[in-house]
Structures are given as C-alpha cells and as structure tokens.
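Okay, my_file.tsv now, which holds TSV, C-alpha atoms:
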chain	number	residue	atom	x	y	z
Y	1	ALA	CA	129.37	102.13	132.61
Y	2	TRP	CA	127.76	99.96	135.21
Y	3	MET	CA	127.21	96.21	135.08
Y	4	ARG	CA	126.07	93.50	137.54
Y	5	ALA	CA	128.72	90.99	138.53
Y	6	ALA	CA	127.59	87.44	137.79
Y	7	GLY	CA	125.92	85.79	140.76
Y	8	ALA	CA	125.57	89.08	142.68
Y	9	PRO	CA	122.42	89.83	144.66
Y	10	ARG	CA	119.66	91.86	143.01
Y	11	SER	CA	119.27	94.45	145.77
Y	12	GLY	CA	121.66	96.75	147.60
Y	13	ALA	CA	124.92	98.23	146.45
Y	14	ARG	CA	126.99	95.13	146.98
Y	15	GLY	CA	127.89	93.00	144.01
Y	16	TRP	CA	128.06	95.94	141.53
Y	17	ALA	CA	131.40	96.31	139.79
Y	18	CYS	CA	132.62	99.62	138.42
Y	19	ARG	CA	134.56	99.81	135.17
Y	20	ALA	CA	135.80	103.30	136.00
Y	21	ALA	CA	139.19	104.33	134.74
Y	22	GLY	CA	142.04	103.12	136.88
Y	23	ARG	CA	140.20	100.18	138.43
Y	24	ARG	CA	140.30	96.55	137.43
Y	25	PRO	CA	136.88	94.92	136.88
Y	26	GLU	CA	135.76	92.37	139.47
Y	27	ILE	CA	134.86	89.03	137.92
Y	28	ASN	CA	132.83	86.36	139.67
Y	29	ARG	CA	133.80	83.11	137.97
Y	30	ILE	CA	131.23	80.29	138.07
Y	31	GLU	CA	132.85	76.86	137.83
Y	32	ARG	CA	129.58	74.95	137.37
Y	33	SER	CA	126.11	76.04	136.40
Y	34	ARG	CA	123.47	75.78	139.09
Y	35	TRP	CA	120.97	74.85	136.33
Y	36	ALA	CA	121.48	71.40	134.88
Y	37	ASP	CA	119.54	72.26	131.71
Y	38	GLY	CA	121.13	75.68	131.24
Y	39	VAL	CA	120.07	79.17	132.24
Y	40	PRO	CA	116.26	79.52	132.11
Y	41	GLU	CA	114.92	81.80	129.41
Y	42	ARG	CA	113.20	84.05	131.90
Y	43	MET	CA	116.36	84.86	133.82
Y	44	GLY	CA	116.96	88.53	133.16
Y	45	GLY	CA	114.17	88.57	130.55
Y	46	HIS	CA	110.79	90.28	130.42
Y	47	LEU	CA	107.43	88.67	130.92
Y	48	MET	CA	104.43	89.63	128.87
Y	49	PRO	CA	101.05	90.28	130.57
Y	50	SER	CA	100.13	86.68	129.78
Y	51	GLY	CA	103.05	85.44	131.84
Y	52	GLU	CA	104.89	84.16	128.77
Y	53	VAL	CA	108.48	85.09	128.16
Y	54	ALA	CA	108.78	87.99	125.71
Y	55	PRO	CA	110.16	86.83	122.34
Y	56	ILE	CA	113.71	87.69	121.42
Y	57	SER	CA	113.96	90.82	119.28
Y	58	THR	CA	114.44	90.26	115.57
Y	59	SER	CA	115.41	93.86	114.88
Y	60	LYS	CA	118.17	94.25	112.29
Y	61	GLY	CA	119.01	97.72	113.49
Y	62	ALA	CA	117.51	101.21	113.49
Y	63	GLY	CA	115.46	101.74	110.33
Y	64	GLU	CA	116.26	98.28	108.95
Y	65	GLY	CA	113.44	96.03	107.82
Y	66	VAL	CA	110.69	98.38	108.95
Y	67	PHE	CA	107.55	99.33	107.04
Y	68	VAL	CA	107.78	102.65	105.25
Y	69	HIS	CA	104.45	104.22	104.36
Y	70	PRO	CA	104.23	104.48	100.56
Y	71	PHE	CA	102.66	107.94	100.66
Y	72	GLN	CA	104.67	110.85	101.97
Y	73	TYR	CA	103.83	114.45	102.80
Y	74	HIS	CA	105.00	117.12	100.40
Y	75	GLY	CA	108.08	119.16	101.05
Y	76	GLU	CA	108.22	122.56	99.46
Y	77	PRO	CA	104.90	123.82	98.05
Y	78	SER	CA	104.61	124.21	94.30
Y	79	GLU	CA	103.15	127.11	92.33
Y	80	TRP	CA	99.40	126.88	91.84
Y	81	GLN	CA	96.36	129.02	91.03
Y	82	VAL	CA	92.56	128.68	91.19
Y	83	LEU	CA	90.54	130.14	88.32
Y	84	VAL	CA	86.77	130.39	88.86
Y	85	HIS	CA	84.51	131.03	85.85
Y	86	PRO	CA	80.86	132.13	85.97
Y	87	SER	CA	79.55	129.21	83.89
Y	88	LYS	CA	80.59	125.95	82.28
Y	89	ASP	CA	80.81	127.62	78.86
Y	90	ALA	CA	83.08	130.31	80.30
Y	91	LEU	CA	85.17	127.57	81.93
Y	92	TYR	CA	85.60	125.78	78.60
Y	93	ALA	CA	86.53	129.04	76.86
Y	94	GLY	CA	89.08	129.84	79.56
Y	95	LEU	CA	90.60	126.36	79.30
Y	96	ALA	CA	90.81	126.66	75.52
Y	97	ASP	CA	92.74	129.91	75.91
Y	98	LYS	CA	95.09	128.17	78.36
Y	99	VAL	CA	95.74	125.30	75.95
Y	100	LYS	CA	96.54	127.69	73.11
Y	101	ALA	CA	98.85	129.75	75.33
Y	102	CYS	CA	100.74	126.59	76.35
Y	103	TYR	CA	100.96	125.57	72.68
Y	104	GLU	CA	102.38	128.92	71.65
Y	105	GLU	CA	104.95	128.95	74.46
Y	106	ALA	CA	106.13	125.38	73.72
Y	107	VAL	CA	106.42	125.93	69.97
Y	108	ALA	CA	108.38	129.14	70.52
Y	109	ARG	CA	110.72	127.29	72.90
Y	110	LYS	CA	111.28	123.97	71.09
Y	111	GLY	CA	109.20	123.84	67.93
Y	112	SER	CA	106.60	121.28	69.10
Y	113	PHE	CA	103.80	120.84	71.62
Y	114	THR	CA	103.08	117.76	73.77
Y	115	ILE	CA	99.76	117.36	75.58
Y	116	ALA	CA	98.26	114.54	77.67
Y	117	LEU	CA	94.47	114.26	77.69
Y	118	SER	CA	92.06	112.66	80.12
Y	119	GLY	CA	88.68	111.21	79.26
Y	120	GLY	CA	85.16	112.10	80.27
Y	121	SER	CA	83.61	115.52	79.74
Y	122	LEU	CA	87.01	117.21	79.81
Y	123	VAL	CA	87.65	116.66	76.09
Y	124	ALA	CA	84.43	118.52	75.27
Y	125	ALA	CA	86.21	121.70	76.33
Y	126	LEU	CA	88.78	121.18	73.60
Y	127	GLY	CA	86.26	121.61	70.80
Y	128	ALA	CA	86.79	125.37	71.15
Y	129	VAL	CA	90.52	124.89	70.58
Y	130	ALA	CA	89.85	123.21	67.24
Y	131	ALA	CA	88.07	126.33	66.05
Y	132	MET	CA	90.94	128.66	66.93
Y	133	GLU	CA	93.06	130.23	64.23
Y	134	GLY	CA	96.83	130.35	64.05
Y	135	ILE	CA	97.48	126.76	65.19
Y	136	GLU	CA	99.86	124.50	63.26
Y	137	TRP	CA	98.45	121.07	64.05
Y	138	GLY	CA	101.50	119.31	62.65
Y	139	LYS	CA	103.43	120.46	65.71
Y	140	TRP	CA	101.09	118.67	68.13
Y	141	HIS	CA	101.86	115.34	69.86
Y	142	VAL	CA	98.87	113.94	71.74
Y	143	PHE	CA	99.14	111.43	74.59
Y	144	TRP	CA	96.72	110.16	77.21
Y	145	ALA	CA	97.00	110.79	80.93
Y	146	ASP	CA	95.02	107.58	81.20
Y	147	GLU	CA	93.27	105.20	78.86
Y	148	ARG	CA	91.03	102.17	79.23
Y	149	VAL	CA	92.29	98.87	77.81
Y	150	VAL	CA	89.39	98.42	75.42
Y	151	PRO	CA	89.15	98.55	71.61
Y	152	LEU	CA	89.65	102.06	70.29
Y	153	ASP	CA	86.09	102.15	68.92
Y	154	HIS	CA	84.59	101.05	72.26
Y	155	GLU	CA	82.28	103.44	74.10
Y	156	ASP	CA	84.64	103.40	77.10
Y	157	SER	CA	87.68	104.40	75.03
Y	158	ASN	CA	89.06	107.83	75.90
Y	159	PHE	CA	90.50	107.98	72.40
Y	160	LYS	CA	87.04	107.59	70.88
Y	161	GLY	CA	85.64	110.41	73.03
Y	162	ALA	CA	88.53	112.69	72.10
Y	163	GLN	CA	88.25	111.77	68.44
Y	164	GLN	CA	84.59	112.78	68.37
Y	165	ALA	CA	84.90	115.96	70.44
Y	166	PHE	CA	88.28	117.31	69.33
Y	167	LEU	CA	90.77	115.30	67.33
Y	168	GLY	CA	88.42	114.72	64.39
Y	169	LEU	CA	88.06	118.49	64.04
Y	170	THR	CA	91.81	119.03	63.61
Y	171	SER	CA	94.51	117.96	61.20
Y	172	ILE	CA	96.90	116.51	63.77
Y	173	PRO	CA	98.84	113.74	61.97
Y	174	GLU	CA	97.59	110.29	62.94
Y	175	SER	CA	101.16	109.21	63.70
Y	176	GLN	CA	101.34	111.95	66.37
Y	177	VAL	CA	98.26	110.75	68.24
Y	178	TYR	CA	99.64	108.05	70.52
Y	179	THR	CA	97.05	105.38	71.26
Y	180	LEU	CA	97.54	102.20	73.25
Y	181	ASP	CA	97.45	98.71	71.76
Y	182	PRO	CA	94.27	97.20	73.24
Y	183	ALA	CA	95.25	93.69	72.11
Y	184	LEU	CA	98.05	93.55	74.67
Y	185	PRO	CA	97.73	92.54	78.34
Y	186	THR	CA	97.49	95.58	80.59
Y	187	ALA	CA	101.03	95.49	81.99
Y	188	GLN	CA	102.52	94.99	78.55
Y	189	ALA	CA	100.32	97.72	77.05
Y	190	ALA	CA	101.71	100.15	79.64
Y	191	LEU	CA	105.32	99.15	78.88
Y	192	VAL	CA	104.82	99.50	75.13
Y	193	TYR	CA	103.13	102.88	75.56
Y	194	GLU	CA	106.02	104.14	77.70
Y	195	ALA	CA	108.50	102.81	75.14
Y	196	ARG	CA	106.76	104.82	72.40
Y	197	MET	CA	107.06	107.95	74.53
Y	198	ARG	CA	110.72	107.27	75.25
Y	199	GLY	CA	111.32	106.75	71.54
Y	200	LEU	CA	110.60	110.40	70.81
Y	201	GLY	CA	113.62	112.66	70.60
Y	202	GLU	CA	114.28	115.04	73.45
Y	203	ASP	CA	113.65	117.91	71.07
Y	204	VAL	CA	109.99	116.83	71.23
Y	205	LEU	CA	109.79	115.32	74.73
Y	206	PRO	CA	112.69	116.57	76.85
Y	207	ARG	CA	113.48	115.22	80.30
Y	208	SER	CA	112.67	117.07	83.51
Y	209	ALA	CA	115.49	118.91	85.25
Y	210	SER	CA	113.83	118.59	88.67
Y	211	GLN	CA	112.85	114.93	88.25
Y	212	PRO	CA	115.69	113.32	86.26
Y	213	GLY	CA	114.51	110.59	83.93
Y	214	MET	CA	110.90	111.79	83.81
Y	215	PRO	CA	109.35	113.31	80.66
Y	216	LYS	CA	108.58	117.03	80.65
Y	217	LEU	CA	105.22	117.19	78.91
Y	218	ASP	CA	104.15	120.69	77.98
Y	219	LEU	CA	100.61	120.27	79.32
Y	220	VAL	CA	98.68	117.60	81.23
Y	221	LEU	CA	94.89	117.95	81.47
Y	222	LEU	CA	93.20	116.14	84.36
Y	223	GLY	CA	89.66	115.71	85.54
Y	224	ILE	CA	88.97	114.82	89.17
Y	225	GLY	CA	86.65	112.17	90.56
Y	226	PRO	CA	84.42	112.48	93.65
Y	227	ASP	CA	86.96	110.30	95.49
Y	228	GLY	CA	89.80	112.62	94.47
Y	229	HIS	CA	91.31	110.34	91.82
Y	230	VAL	CA	93.12	111.84	88.85
Y	231	ALA	CA	94.01	110.02	85.63
Y	232	SER	CA	93.64	106.38	86.79
Y	233	LEU	CA	95.45	106.94	90.09
Y	234	PHE	CA	92.96	105.95	92.78
Y	235	PRO	CA	93.04	106.40	96.57
Y	236	ASN	CA	95.60	104.28	98.43
Y	237	LYS	CA	96.50	102.18	95.39
Y	238	PRO	CA	100.12	101.11	94.76
Y	239	GLN	CA	100.13	102.83	91.37
Y	240	THR	CA	99.36	106.13	93.08
Y	241	ALA	CA	102.39	105.68	95.34
Y	242	ALA	CA	104.76	104.54	92.56
Y	243	GLN	CA	107.91	106.64	92.24
Y	244	GLU	CA	109.26	104.95	89.11
Y	245	GLY	CA	107.96	104.47	85.59
Y	246	TRP	CA	106.25	106.85	83.17
Y	247	VAL	CA	103.21	104.70	82.40
Y	248	LEU	CA	101.66	102.13	84.74
Y	249	GLY	CA	99.14	99.35	84.29
Y	250	VAL	CA	95.99	99.20	86.43
Y	251	THR	CA	94.01	95.95	86.60
Y	252	ASP	CA	91.65	96.66	89.51
Y	253	SER	CA	90.18	100.10	88.90
Y	254	PRO	CA	87.31	100.84	91.32
Y	255	LYS	CA	85.45	102.23	88.31
Y	256	PRO	CA	84.70	100.07	85.27
Y	257	PRO	CA	86.36	99.08	83.10
Y	258	PRO	CA	88.92	97.67	85.55
Y	259	GLU	CA	91.92	97.51	83.20
Y	260	ARG	CA	93.65	100.77	82.27
Y	261	ILE	CA	96.98	102.44	81.74
Y	262	THR	CA	97.91	105.72	83.41
Y	263	LEU	CA	100.69	108.23	83.68
Y	264	SER	CA	102.48	107.87	87.01
Y	265	MET	CA	102.31	110.68	89.57
Y	266	PRO	CA	106.01	111.57	89.03
Y	267	ALA	CA	105.38	111.82	85.27
Y	268	ILE	CA	102.41	114.14	85.89
Y	269	ASN	CA	104.40	116.27	88.32
Y	270	ALA	CA	107.29	116.60	85.86
Y	271	ALA	CA	105.07	118.49	83.37
Y	272	ALA	CA	105.52	122.17	82.65
Y	273	GLN	CA	101.80	122.85	83.12
Y	274	VAL	CA	99.10	120.77	84.80
Y	275	CYS	CA	95.42	121.70	84.74
Y	276	VAL	CA	92.78	120.11	86.97
Y	277	VAL	CA	89.34	120.84	85.55
Y	278	ALA	CA	86.03	120.50	87.41
Y	279	ALA	CA	82.49	121.64	86.67
Y	280	GLY	CA	79.22	121.16	88.53
Y	281	GLY	CA	78.11	121.08	92.14
Y	282	SER	CA	78.98	117.38	92.53
Y	283	LYS	CA	82.67	118.37	92.49
Y	284	ALA	CA	82.41	121.17	95.08
Y	285	GLU	CA	83.30	119.05	98.13
Y	286	VAL	CA	86.32	117.31	96.57
Y	287	ILE	CA	87.69	120.61	95.21
Y	288	GLN	CA	87.62	122.12	98.71
Y	289	ARG	CA	89.39	119.05	100.07
Y	290	LEU	CA	91.98	119.23	97.28
Y	291	LEU	CA	93.04	122.66	98.51
Y	292	GLU	CA	93.07	121.85	102.21
Y	293	VAL	CA	96.15	120.88	104.18
Y	294	GLN	CA	97.05	117.31	103.34
Y	295	ALA	CA	95.88	115.11	106.20
Y	296	LEU	CA	96.19	111.50	104.97
Y	297	PRO	CA	98.67	111.14	102.08
Y	298	GLY	CA	97.26	108.83	99.42
Y	299	SER	CA	93.63	109.08	100.48
Y	300	LEU	CA	93.08	111.98	98.07
Y	301	PRO	CA	95.36	111.47	95.03
Y	302	ALA	CA	94.63	114.93	93.62
Y	303	GLN	CA	96.51	116.41	96.59
Y	304	LEU	CA	99.64	114.67	95.31
Y	305	VAL	CA	99.54	116.67	92.07
Y	306	ARG	CA	102.32	119.16	92.77
Y	307	PRO	CA	104.39	120.03	89.67
Y	308	SER	CA	108.01	120.09	90.77
Y	309	ASP	CA	109.09	122.60	88.15
Y	310	GLY	CA	105.81	123.81	86.70
Y	311	VAL	CA	102.44	125.35	87.51
Y	312	LEU	CA	99.19	123.74	88.68
Y	313	SER	CA	96.06	125.55	87.47
Y	314	ILE	CA	92.64	124.55	88.86
Y	315	PHE	CA	89.83	125.50	86.46
Y	316	LEU	CA	86.36	125.67	88.03
Y	317	ASP	CA	82.91	126.88	87.19
Y	318	GLN	CA	80.79	128.66	89.79
Y	319	ASP	CA	79.09	125.48	90.98
Y	320	ALA	CA	82.33	123.56	91.51
Y	321	ALA	CA	83.67	126.54	93.48
Y	322	ALA	CA	80.59	126.86	95.69
Y	323	ARG	CA	82.18	125.30	98.79
Y	324	LEU	CA	85.62	126.90	98.62
Y	325	GLN	CA	86.82	128.19	102.00
Y	326	PRO	CA	90.24	129.79	101.43
Y	327	GLU	CA	90.54	130.69	105.12
Y	328	THR	CA	90.82	126.96	105.95
Y	329	TRP	CA	93.45	126.00	103.39
Y	330	GLU	CA	96.40	126.70	105.70
Y	331	GLN	CA	94.96	125.42	108.97
Y	332	PRO	CA	96.56	122.03	109.71
Y	333	LYS	CA	95.04	121.87	113.20
Y	334	LYS	CA	91.59	121.47	111.71
Y	335	PHE	CA	92.43	118.04	110.32
Y	336	PRO	CA	91.54	115.21	110.12
Y	337	ARG	CA	88.29	116.73	108.99
Y	338	SER	CA	85.95	114.12	110.49
Y	339	GLN	CA	83.93	115.92	113.12
Y	340	VAL	CA	81.88	113.58	115.30
Y	341	PRO	CA	79.40	115.45	117.54
Y	342	LYS	CA	80.20	114.95	121.18
Y	343	PRO	CA	77.39	113.37	123.24
Y	344	GLU	CA	75.62	115.65	125.61
Y	345	VAL	CA	76.52	115.14	129.23
Y	346	LYS	CA	73.63	115.62	131.62
Y	347	LYS	CA	74.55	117.24	134.88
Y	348	LYS	CA	73.13	115.67	137.97
Show me the file's structure as structure tokens.
Amino acid sequence: AWMRAAGAPRSGARGWACRAAGRRPEINRIERSRWADGVPERMGGHLMPSGEVAPISTSKGAGEGVFVHPFQYHGEPSEWQVLVHPSKDALYAGLADKVKACYEEAVARKGSFTIALSGGSLVAALGAVAAMEGIEWGKWHVFWADERVVPLDHEDSNFKGAQQAFLGLTSIPESQVYTLDPALPTAQAALVYEARMRGLGEDVLPRSASQPGMPKLDLVLLGIGPDGHVASLFPNKPQTAAQEGWVLGVTDSPKPPPERITLSMPAINAAAQVCVVAAGGSKAEVIQRLLEVQALPGSLPAQLVRPSDGVLSIFLDQDAAARLQPETWEQPKKFPRSQVPKPEVKKK
C-alpha cells in the first residue's frame, strides 16, 4: 500500500513512504500547523466545475440508503397460453368451459371452488356458466379481483353488474358471495375484506406453497385496460408494486370512481389459474405489448401477471388478436418500442 508522507512534495518520487514488509514507515511529524485556522477544506479535496468544494460523501456503505426501484424484472418465466377465438360469442363460450373445468378440478381436489371476478363486460361471459348443468352452486365462493367503493346498488358497482349478468341466475349462497362494506373508508374496507378472506378455513382457501402467506384462489378472472391495468392495479402506482397484503385500497384511480379495493399482484400471482380476457380491436395493441419482452417494469401492469405456481391463460377474440406478432415476443433488443424516425441528412 502506498501513502504520501505528510508535508511531502506533490511531484517526483521523493516523499513517498513504503509500508512494505520489513520496513518501518517514515513519519513526518508537524509540530505546528502552517494554517492558523486549520487545514483548508480544499486541501486534498475535489473541486466541482463551479469551483466550489465537493460536499463530503454521506454514503452509509454499499447498498445502504439507496433508492431501490419498486418494480423488478421477472425471474423464471411462468406457464402461459394464448387462446384465440373466431368471435366474441365463441370467446365467451370458451371462457365458460374454462371456468367449469377449473370448478370441477377444485371440487375434486378440496371440495370447494374459489373464484375472483372483475367488472366490466367480463361478467357477461359468465352468463353461459349459469346455464351449464352439473354444477353444485353451494360449493362456490365468489370474491372480487377489484371493486369500487360505492353502494352495492350503484351503477359503478362490480357486484351489481355481476348480480345482473351471472350471480342472479345461480343459487350460490348469499353468504358465499363476498362483497365489500361501502360504508367504510377505502383503506379500512380493504382491511376488512382481507380479514374476511383470511377467516375462511384453509380447506376452502389454502395458502400458496410458492408464495407463503398468500391465498391460493382457484381462479382469477381479469380484464385488461388500454393502459395495461388489471384489477385496479394501474401503471406505476404503489399498489401495483406492493409485495405484501392480499387486498389493497386505492384512492386515486385514474378511472372514475377514484376509490376502490383490489387484490394485490402477489395475491393474483398465487392463484392456481389466472385468465386475462380481451375482446375487440381496441385491445389489440395492449395485448401485443402484454406478450412482448418486458421493457419498463410497472409501466404495463398486465406484464406483471405471472402465476408463480399456476397457469396464465389469455382469452382473445379475432379482433383483439389482430396485431399479435409472435416472432417479436422474445426479442429484447427491439425495446424500448418507441421508434422515432431519424431526420434525413442531406449530402452536400
């Protein structure tokens, strides 16, 4: 190790002391400081371009006190499949078959079936399930992947939409349809909803082996927004990055109404089966982006849906599949996808 002896000149070999083995270090002892007010700050320091002395480092050590991006890239890929149907009616029929198959598998395995629904047009597909034979509705437990904090008879209520399109056509016990309490503040409504889920025995809602502490729902049904949001997990929001909690409160949804509750991403990814459902040409662009290599974690929440010990199925009609380009799905060098035309350079 090399060090400068105190008071030694700054150029040439003289004045450098070697701490090599077998030699005693040379020490230049200063009896009195040459600076009456102490050693100037800039002595041995660095100057910034402005001429000011660089501030003293406040680092606490490697990796300590540094910002960690809340969104991370995936590790191992999960199992997934894309199912394209020739029409919206065929899509709904295919989804109904999937729901019944998941029901039959869950009942054979543990005697009950847990499903989390989303709002919007997705519940319309479940009307076909209500007409199917051979279903014991008493074995169903219905939750919401997300719900708006509004009265249950409000037009924005996901429960109301599901009641009209599906639940009202079945004999699922009312006590097994788990609605939120709209009278509570959003954060409290989320906590109470999670507590109700936790209150179920593990014979009904077991815990995930791959994500300890998370519920293993038998099936989660998700729509997808043009911005890539699923449930009420929106781009670059803290709820989308959350790694703890089953149910989260949202008070600033970009879409009205602003107050909602939603399953967390870990709770979604702990499910045995997850289905993302999209129909219509307006979803074609976001579906292609969903399947591309992840470029900016968090900017497209649907890309974070990766069941850790389950299967992701993407149900599409022909219009929603119109822009699929499978040859680009594994090409990371193509991203980010923004392609700005280069200006033409005129040769002289």
Hey, which bits of range 142-249 of chain Y sit within 10 Å of range 79-103 of chain Y, and for each residue what's the closest pair of atoms and how far apart in Å (one decimal), counting all atoms listed in the file, rows by chain and increasing number, as a tab-separated table?
residue	atom	partner	partner_atom	distance
Y:Asp218	CA	Y:Cys102	CA	7.0
Y:Leu219	CA	Y:Cys102	CA	7.0
Y:Val220	CA	Y:Val99	CA	9.8
Y:Leu221	CA	Y:Val99	CA	9.2
Nearby residues (all atoms listed in the file) at most 7 Å from range 297-300 of chain Y, same-chain spacing under 3 positions excluded, as number ranges by chain: Y: 71-73, 227-229, 235-236, 294, 303
Pairwise distance for CA of Ile287 in chain Y and CA of Pro301 in chain Y, rounded to one decimal in Å: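 Straight-line distance from CA of Ile287 in chain Y to CA of Pro301 in chain Y works out to 11.9 Å.
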Distance of CA of Ser171 in chain Y from CA of Ala130 in chain Y, expressed in Å to one decimal place: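 Value for the CA of Ala130 in chain Y-CA of Ser171 in chain Y distance: 9.3 Å.
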All residues 10 Å or closer to range 213-216 of chain Y, only C-alpha atoms, same chain fewer than 5 positions away omitted, as a PyMOL selection string: chain Y and resi 114+197-198+202+204-208+244-246+264+266-273+309-310
Long-range neighbours of Pro151 in chain Y as a ChimeraX atom specification, 9 Å cut-off, all atoms listed in the file, 4 positions minimum in chain: /Y:155-157,181-183
Residues within 6 Å of range 318-325 of chain Y, only C-alpha atoms, excluding chain neighbours under 4 positions, as a PyMOL selection string: chain Y and resi 85-86+279-281+283-284+288
Contacts of His141 in chain Y at 12 Å (all atoms listed in the file; same-chain gap of 3+ positions) as a VMD selection string: chain Y and resid 103 106 to 107 111 to 117 136 to 138 144 167 171 to 179 196 to 197 200 204 to 205 217 to 219
Nearest-residue call for Leu191 in chain Y, choices Y:Glu147, Y:Trp140, Y:Val247, Y:Ala231, using only C-alpha atoms: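 That would be Y:Val247, the residue with the smallest distance to Leu191 in chain Y.
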Separation of CA of Leu233 in chain Y from CA of Met265 in chain Y in Å: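 These atoms are spaced 7.8 Å apart.
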Top pick for closest residue to Val276 in chain Y, considering Y:Ser253, Y:Ser59, Y:Ser313, Y:Thr186 and counting all atoms listed in the file: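 Between Y:Ser253, Y:Ser59, Y:Ser313, Y:Thr186, the residue approaching Val276 in chain Y most closely is Y:Ser313.
Minimum distance to Ala295 in chain Y across Y:Gln331, Y:Ser282, Y:Thr251, Y:Thr262 (counting only C-alpha atoms) occurs at Y:Gln331.
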Ref. answer, residues at most 12 Å from (84.3, 117.5, 65.4) with all atoms listed in the file, as an NGL selection string: :Y and (123-131 or 160-171)
Y:Ala195, Y:Ala241, Y:Ala36, Y:Val305 ranked by distance to Leu291 in chain Y, top pick (using all atoms listed in the file):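 Residue with the minimum atom-to-atom distance to Leu291 in chain Y: Y:Val305.
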Using all atoms listed in the file: which of Y:Ala190, Y:Ala209, Y:Cys275, Y:Ile314 has the shortest distance to Arg260 in chain Y: Y:Ala190
Which of Y:Arg289, Y:Arg306, Y:Arg148, Y:Arg109 sits closest to Pro326 in chain Y [using only C-alpha atoms]: Y:Arg289
